[in-house]
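Here the structure is laid out as structure tokens; the discussion comes afterwards.
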Protein chains: 2
Amino acid sequence: MSGALGSWIDGLPAHSLPADDRGLHYGDGLFETLRIRAGRPRFLEAHLARLNAGCARLAIPFVAGDALRQELSTICQATPAAAILKIIVTRGSATRRGYASAGDEQPRRLVTLFDASPLPESWRAGVTLSFASAPLADNATLAGIKHLGRLESVLALREAQAAGAAEAIFTGADGRLVSGAMSNLFVAKAGVVQTPAVDLAGVAGVMRGIVLRECAALGIPAGVGTVTRVDLESADEVFVTNARIGVVPVRRVGEHRFHMDALSRRLADHVEALDA
Amino acid sequence: MSGALGSWIDGLPAHSLPADDRGLHYGDGLFETLRIRAGRPRFLEAHLARLNAGCARLAIPFVAGDALRQELSTICQATPAAAILKIIVTRGSATRRGYASAGDEQPRRLVTLFDASPLPESWRAGVTLSFASAPLADNATLAGIKHLGRLESVLALREAQAAGAAEAIFTGADGRLVSGAMSNLFVAKAGVVQTPAVDLAGVAGVMRGIVLRECAALGIPAGVGTVTRVDLESADEVFVTNARIGVVPVRRVGEHRFHMDALSRRLADHVEALDA
């Protein structure tokens, strides 16, 4: 793949994986995307915690711990100071045919390193979002974790990009806002920051958690709750977050333009400056 | 994997596939499971038609046609007369990082052949079903096709099997019945057969289509529509279908028992006897 610098399966360099992996066959696994900066993965513990929460939710008997930390450390030592690192953990090779796992599978981890291509111009100065035409399906069992079944994001992003937007906004079936297709969504009004709950749909982004934590540290009122389209369109500022982009102001959603970005910029600079 | 007799990637024997395949990374692909009988795949054209419909829905530029037919024919000649064959088609290796496809990916197909292990005893005499605790998420964009994101079925089947059931019944968010986790669901009352629509959730099973078609051929009134839990519990007979099991009567759902199976047996025998 363009931009891939290397890949490792269960700690050994490898470019292919067994064709019977349940991650491929059923989406039976999870992933994390980390940013490497100054040779270190940012917010590593938060990523490993979410990965472990996902494994627990899916009953995949894998615990991201010291072995994975050591592996990532070794990989980082041999790579550019700035990079993107993706960790996939699957339930492993199927030991029998069919959806139901037998329980004796050996979880498999795939680590891929990518060059840290600079953010596209379209992201740097603030982005345009568009609404996904299909709502994101509610599924409390799978909400919050970053499992491998991401077709909704694949389709929504293609649609958004075809419309000239950098990112899609997902609504839930009831019309509430959920998240971006590859990011979490925040609105700010009168100095108060709000991001949608992700207990029915969406991913609990690591950067989302960092932003909420850092808002608290900075004395900026911030919370999780219901965010509607009206909330969005009446917001002073809107921004999106993920581990790679950090905090990025939103300039436009459909025909609605946002003219303020002071709070977004402050948070972006603050998060970027964190020693983590 | 136990029971796997061989696998082929893009027509060549292979046991592994590139680690950058988007099927693994995002569930960005589709699959079919076919039954081989007397050395021939049953209902091959119906499977290829659904696969092609799925590729069209996901804009994967793959058309299952003569090349795949020829490949399957060659595989079948070298294998036991009875087997199970699984075809996965993915968008192929990622050509750039991230959910959004670049559009220049080369679709990849993986064909795996499995021995035709006999139906478990628990299926032969009719099965017990249990209701999945989590509703199946509505998603009109992905409903009907057999995409790779099947975690809901993985989790529901584990739950059902832990409860001693052979299969789980999915309800939609509104409580209507949708399907089994690995099968389609039919109810029969006063000689009329009904199966839930799969335009919001579920898979449009090939065997489901065959059963609807053959009901028409046999003069059995059959239709697609809303099926509720009350419809199920007041039915004379209930049966489940898929390409491997054909038509299997349901003996019990939770605490509710079904004592009739004449229509189910008739359909099972009729479908089994079809020269296809």
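Order determines the names: the first chain of the structure tokens is A, the second B, and so forth; residues in each chain are numbered 1 upward, and ligands are numbered 1 upward as they are shown.
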
I need the residues in region 123-234 of chain B that are strand (DSSP E) according to DSSP; give them as a PDB file with C-alpha atoms, in the first residue's frame.
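Result file states-v7.pdb:
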ATOM      1  CA  VAL B 127     -34.125 -26.862  16.081  1.00  0.00           C
ATOM      2  CA  THR B 128     -34.520 -24.717  19.149  1.00  0.00           C
ATOM      3  CA  LEU B 129     -34.173 -20.970  18.674  1.00  0.00           C
ATOM      4  CA  SER B 130     -33.693 -18.207  21.213  1.00  0.00           C
ATOM      5  CA  PHE B 131     -34.187 -14.477  20.866  1.00  0.00           C
ATOM      6  CA  GLU B 167     -29.783 -20.412  16.301  1.00  0.00           C
ATOM      7  CA  ALA B 168     -30.700 -16.891  17.394  1.00  0.00           C
ATOM      8  CA  ILE B 169     -33.676 -14.869  16.189  1.00  0.00           C
ATOM      9  CA  PHE B 170     -32.967 -11.231  15.527  1.00  0.00           C
ATOM     10  CA  THR B 171     -35.578  -8.603  16.160  1.00  0.00           C
ATOM     11  CA  LEU B 177     -38.704 -10.184  13.674  1.00  0.00           C
ATOM     12  CA  VAL B 178     -35.951 -10.001  11.067  1.00  0.00           C
ATOM     13  CA  SER B 179     -34.160 -13.320  10.628  1.00  0.00           C
ATOM     14  CA  GLY B 180     -31.930 -15.836  12.279  1.00  0.00           C
ATOM     15  CA  ASN B 184     -33.833 -16.714   7.342  1.00  0.00           C
ATOM     16  CA  LEU B 185     -37.014 -17.217   9.299  1.00  0.00           C
ATOM     17  CA  PHE B 186     -40.422 -18.340   8.023  1.00  0.00           C
ATOM     18  CA  VAL B 187     -43.749 -18.753   9.799  1.00  0.00           C
ATOM     19  CA  ALA B 188     -46.730 -20.697   8.478  1.00  0.00           C
ATOM     20  CA  LYS B 189     -50.319 -20.354   9.636  1.00  0.00           C
ATOM     21  CA  VAL B 192     -49.921 -19.449   4.414  1.00  0.00           C
ATOM     22  CA  VAL B 193     -46.161 -18.882   4.569  1.00  0.00           C
ATOM     23  CA  GLN B 194     -44.614 -15.565   5.556  1.00  0.00           C
ATOM     24  CA  THR B 195     -41.028 -14.347   5.946  1.00  0.00           C
ATOM     25  CA  PRO B 196     -39.847 -10.952   7.231  1.00  0.00           C
ATOM     26  CA  ALA B 222     -46.249 -17.227   0.538  1.00  0.00           C
ATOM     27  CA  GLY B 223     -45.237 -13.649   1.022  1.00  0.00           C
ATOM     28  CA  VAL B 224     -42.793 -11.165   2.438  1.00  0.00           C
ATOM     29  CA  GLY B 225     -43.930  -8.728   5.097  1.00  0.00           C
TER      30      GLY B 225
END

**Message:** Residues near Leu30 (chain B), anyone? I mean within 12 Å using only C-alpha atoms, not counting same-chain ones fewer than 2 positions away, as JSON, numbers by chain.
**Reply:** {"A": [24, 25, 26, 27, 149, 151], "B": [22, 23, 24, 26, 27, 28, 32, 33, 47, 48, 50, 51, 52, 53, 54, 55, 56, 57, 58, 59, 60, 62, 64, 86, 87, 88, 89, 90, 91, 92, 107, 108, 109, 110, 111, 142, 144, 145, 146, 147, 148, 149, 150, 203]}

**Prompt:** Which residues, written as a list in words, have at least one atom at most 12 Å from His270 (chain B), with only C-alpha atoms counted and residues fewer than 4 positions away on the same chain left out?
**Reply:**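 Listing them by chain and then by number gives Ile210, Val211, Arg213, Glu214, Cys215, Ala217, Leu218, Gly246, Val247, Leu263, Ser264, Arg265, Arg266, Leu274, Asp275 and Ala276 of chain B.
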
Skip Asp20 (chain B) itself and residues of its chain fewer than 5 positions away, then list as a short mmCIF file (atom, residue, chain, number, x, y, z; two decimals) with C-alpha atoms, in the first residue's frame all residues within 8 Å of it, counting only C-alpha atoms.
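part_36.cif, freshly written:
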data_model
loop_
_atom_site.label_atom_id
_atom_site.label_comp_id
_atom_site.auth_asym_id
_atom_site.auth_seq_id
_atom_site.Cartn_x
_atom_site.Cartn_y
_atom_site.Cartn_z
CA MET A 1 0.00 0.00 0.00
CA HIS A 15 2.98 -8.83 4.71
CA SER A 16 0.26 -11.43 4.63
CA HIS B 25 -9.40 -3.55 7.68
CA SER B 93 -5.61 -4.13 -1.04
CA ALA B 94 -5.81 -0.57 0.17
#

**Request:** Measure the distance from CA of Pro13 (chain A) to CA of Gly103 (chain A) in Å and round it to one decimal.
**Result:** 26.9 Å

**Message:** If DSSP is run on the backbone, what residues of region 41-270 of chain A are helix (DSSP H, G or I)? A reply as a ChimeraX atom specification would be ideal.
**Reply:** /A:44-58,66-77,121-124,151-162,206-218,229-233,262-270

**Prompt:** Taking only C-alpha atoms into account, which of A:Val230, A:Leu200, A:Ala190, A:Ile36 comes nearest Ala134 (chain B)?
**Reply:** A:Leu200

**Asked** What is the distance between CA of Phe43 (chain B) and CA of Met260 (chain B), in Å to one decimal?
**Response** 28.3 Å

**Message:** For Asp199 (chain B), find every residue with an atom within 8 Å (counting only C-alpha atoms), except residues of its own chain fewer than 3 positions away, and show them as a ChimeraX atom specification.
**Reply:** /B:140,143-144,202

**Distance criterion (only C-alpha atoms): nearest to chain A out of B:Cys76, B:Val206, B:Ala173, B:Val253** =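 Among B:Cys76, B:Val206, B:Ala173, B:Val253, it is B:Ala173 that comes nearest to chain A.
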
**Request:** Fewer than 3 positions away in the same chain doesn't count, so skip those; otherwise give me all residues within 8 Å of Thr228 (chain B), counting only C-alpha atoms, as a list of chain:residue names.
**Result:**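 My reading of the contact set: B:Gly175, B:Arg176, B:Leu177, B:Asp231, B:Leu232.
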
Store the residues of this selection in a file with C-alpha atoms, as a PDB file, in the first residue's frame.
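Written out: again_32.pdb:
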ATOM      1  CA  GLY B 175     -39.501  -5.359  17.876  1.00  0.00           C
ATOM      2  CA  ARG B 176     -40.452  -6.918  14.534  1.00  0.00           C
ATOM      3  CA  LEU B 177     -38.704 -10.184  13.674  1.00  0.00           C
ATOM      4  CA  ASP B 231     -47.218 -13.965  14.589  1.00  0.00           C
ATOM      5  CA  LEU B 232     -44.432 -16.356  15.484  1.00  0.00           C
TER       6      LEU B 232
END

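Distance-wise, CA of Trp8 (chain A) and CA of Ala82 (chain A) end up 18.3 Å apart.
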
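Of the residues listed (B:Ser234, B:Gln77, B:Thr241, B:Ser183), B:Ser183 shows the shortest atom-to-atom separation from chain A; distances use only C-alpha atoms.
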
**Item:** Pick from A:Pro18, A:Gly164, A:Gly29, A:Gly6, whichever lies nearest to chain B using only C-alpha atoms
**Value:** A:Pro18

Neighbours of Ser117 (chain B) within 10 Å (only C-alpha atoms; same-chain residues fewer than 5 positions away dropped), as a PDB file with all heavy atoms, in the first residue's frame?
ATOM      1  N   ARG A  97     -15.900 -23.794  10.798  1.00  0.00           N
ATOM      2  CA  ARG A  97     -16.622 -22.946   9.871  1.00  0.00           C
ATOM      3  C   ARG A  97     -17.809 -22.302  10.576  1.00  0.00           C
ATOM      4  O   ARG A  97     -18.398 -22.888  11.482  1.00  0.00           O
ATOM      5  CB  ARG A  97     -17.116 -23.819   8.699  1.00  0.00           C
ATOM      6  CG  ARG A  97     -17.358 -23.073   7.397  1.00  0.00           C
ATOM      7  CD  ARG A  97     -17.973 -23.984   6.346  1.00  0.00           C
ATOM      8  NE  ARG A  97     -19.279 -24.458   6.750  1.00  0.00           N
ATOM      9  CZ  ARG A  97     -20.396 -23.722   6.726  1.00  0.00           C
ATOM     10  NH1 ARG A  97     -20.356 -22.469   6.316  1.00  0.00           N
ATOM     11  NH2 ARG A  97     -21.543 -24.230   7.121  1.00  0.00           N
TER      12      ARG A  97
ATOM     13  N   GLY B   3     -11.614 -28.694   8.836  1.00  0.00           N
ATOM     14  CA  GLY B   3     -12.633 -28.834   7.805  1.00  0.00           C
ATOM     15  C   GLY B   3     -12.316 -28.121   6.511  1.00  0.00           C
ATOM     16  O   GLY B   3     -13.031 -28.304   5.527  1.00  0.00           O
ATOM     17  N   ALA B  82     -19.591 -33.851  -2.143  1.00  0.00           N
ATOM     18  CA  ALA B  82     -20.348 -33.010  -1.219  1.00  0.00           C
ATOM     19  C   ALA B  82     -19.381 -32.131  -0.441  1.00  0.00           C
ATOM     20  O   ALA B  82     -18.397 -32.627   0.112  1.00  0.00           O
ATOM     21  CB  ALA B  82     -21.161 -33.869  -0.258  1.00  0.00           C
ATOM     22  N   ALA B  83     -19.642 -30.834  -0.428  1.00  0.00           N
ATOM     23  CA  ALA B  83     -18.740 -29.903   0.243  1.00  0.00           C
ATOM     24  C   ALA B  83     -19.452 -28.575   0.444  1.00  0.00           C
ATOM     25  O   ALA B  83     -20.591 -28.390  -0.013  1.00  0.00           O
ATOM     26  CB  ALA B  83     -17.467 -29.696  -0.584  1.00  0.00           C
ATOM     27  N   ILE B  84     -18.791 -27.689   1.136  1.00  0.00           N
ATOM     28  CA  ILE B  84     -19.271 -26.316   1.310  1.00  0.00           C
ATOM     29  C   ILE B  84     -18.223 -25.398   0.706  1.00  0.00           C
ATOM     30  O   ILE B  84     -17.024 -25.603   0.902  1.00  0.00           O
ATOM     31  CB  ILE B  84     -19.440 -25.959   2.803  1.00  0.00           C
ATOM     32  CG1 ILE B  84     -20.395 -26.932   3.493  1.00  0.00           C
ATOM     33  CG2 ILE B  84     -19.903 -24.513   2.971  1.00  0.00           C
ATOM     34  CD1 ILE B  84     -21.828 -26.819   3.069  1.00  0.00           C
TER      35      ILE B  84
END
